[in-house]
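Colleague: Please find one structure pasted underneath; my questions will follow.
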There are 2 protein chains.
Amino acid sequence: MLTGCAVRLTHTRQLQNDHAMPLTRYYTATTLDGFIADPTQSLEWLFTREQNTDGPLAYKTFIAAVGALVMGATTYEWIVRHEHGEWPYDLPCWVFTHRELPIVHERIQLTRDDVADVHARVCAAAGERDIWIVGGGDLAGQFADRGLLDEVIVYIAPVTLGAGAPLLPRRVELRLEELARNGDFACARYGVVR
Amino acid sequence: MLTGCAVRLTHTRQLQNDHAMPLTRYYTATTLDGFIADPTQSLEWLFTREQNTDGPLAYKTFIAAVGALVMGATTYEWIVRHEHGEWPYDLPCWVFTHRELPIVHERIQLTRDDVADVHARVCAAAGERDIWIVGGGDLAGQFADRGLLDEVIVYIAPVTLGAGAPLLPRRVELRLEELARNGDFACARYGVVR
């Protein structure tokens, strides 16, 4: 049986981009009851928690291996609204939307194309690096439906909300690959079982 | 920062009943997205997983410290239906229900009283042992609402369902006390922050 410590030994290697193939990864925070935002789209339940930015499954290690982003319209609008006009990524980014949205950075592309078609283009842009599905849950689910999601990495905040935006609103079989505490969070990395 | 291994060192002591006061504990399995049963009340997603019955946060260590049970009507009916008439507990058990239900064991009591009143009676029956809230999520939430829930212990199965019976359908602030892998599961013990 693997333990948190045993799997942590492999963590640095795994999160850096020396896996053989680039991975499509859904990396997100969630409540213990599976919500990635509260019913008012607030992340107040998340930002009040402690984490070690050099700890297990840390964002800066994760993002260093990422070559391209995809996200849904709600996630995109949330970031634009909360980053005060400063787009925080210098990576190619596809935004799935059926609405017209302001484009706040030259590397952002809006799309309403099929996720598999877009995935092929995102992979080409990412090269040997990973693809990050930033959110939301339904977009990650659409990639899973097409067999295009490799990993789900969650920071589980110590709170339940009872309502909100769902983590991954369909049945997806997973395999626990890594588990560790980081500050207030239980952090887990799952492979998607196809 | 605590790690999975560091906290495991304290696990055996914590799960046995040498805490100073008896605890009211909600111990349950859940999917990663916070469902304790699928929409048809099936636990098929749970029973297909591997666990080490001597591992971290194991049921047999937990139940050895329990002196009384409480559960809701749906949980009670599920157990009666799936245990083929053999009630699996020889402990006093209160079943919260607004319906008449068959009583399958002499230590079972049906109640529709206020949870705080019942909690006092359950505590008296449990003596120096713990109280297990078997389920469902809303009953655990009613105890939390009244400040009567001490711990939430979850076995997180490596699957999302997207729908089902919710783990704990309200906002409850938690504090991660213990985290470890057990077989296919991520297991976590939380204190309830009041």
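Labels for the structure tokens follow display order: chains A, B, ..., residues from 1 in each chain, ligands from 1.
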Near region 82-89 of chain B, counting only C-alpha atoms, which residues have an atom at most 10 Å away, once you skip same-chain residues fewer than 5 positions from it, shown as a count of residues only?
Modeller: 11
Colleague: Would you mind listing, as a ChimeraX atom specification, all residues of chain A that have at least one atom within 8 Å of chain B, where only C-alpha atoms are what counts?
Modeller: /A:1-5,32-35,158-163,166-176,179-186,188,190
Colleague: Work out how far apart CA of Leu110 (chain A) and CA of Val95 (chain A) are and give it in Å to one decimal.
Modeller: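 Going from CA of Leu110 (chain A) over to CA of Val95 (chain A), I get 4.8 Å.
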Colleague: Do you know which residues are at most 9 Å from Ala126 (chain B) counting only C-alpha atoms, after dropping those on the same chain fewer than 4 positions away, and could you put them as a list in words?
Modeller: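 My reading of the contact set: Pro22, Val66, Gly67, Ala68, Leu69, Leu91, Pro92, Arg121, Val122, Asp130 and Ile131 of chain B.
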Colleague: Any idea what the distance is between CA of Gln142 (chain B) and CA of Val115 (chain B)?
Modeller: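 Computing the Euclidean distance for CA of Gln142 (chain B) and CA of Val115 (chain B) yields 7.2 Å.
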Colleague: Which residues in chain A does DSSP call strand (DSSP E or B)? List them as JSON, numbers by chain.
Modeller: {"A": [24, 25, 26, 27, 28, 29, 30, 31, 35, 36, 37, 66, 67, 68, 69, 70, 71, 72, 93, 94, 95, 96, 108, 109, 110, 111, 130, 131, 132, 133, 134, 135, 151, 152, 153, 154, 155, 156, 157, 159, 160, 165, 166, 172, 173, 174, 175, 176, 177, 178, 179, 180, 181, 182, 185, 186, 187, 188, 189, 190, 191, 192]}
Colleague: Please provide as an NGL selection string all residues within 9 Å of Phe143 (chain A), with the sequence filter that same-chain residues fewer than 5 positions apart are discarded (counting only C-alpha atoms).
Modeller: :A and (24 or 115-116 or 119 or 133 or 138 or 148-149)
Colleague: Have a look at CA of Arg99 (chain B) and CA of Val118 (chain B) and let me know their distance in Å, one decimal.
Modeller: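 Computing the Euclidean distance for CA of Arg99 (chain B) and CA of Val118 (chain B) yields 17.1 Å.
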Colleague: Given only C-alpha atoms as the basis, pick out the residue of B:Asp38, B:Tyr27, B:Tyr59, B:His98 nearest to Asp114 (chain B).
Modeller: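 Looking only at the distances to Asp114 (chain B), the closest residue turns out to be B:His98.
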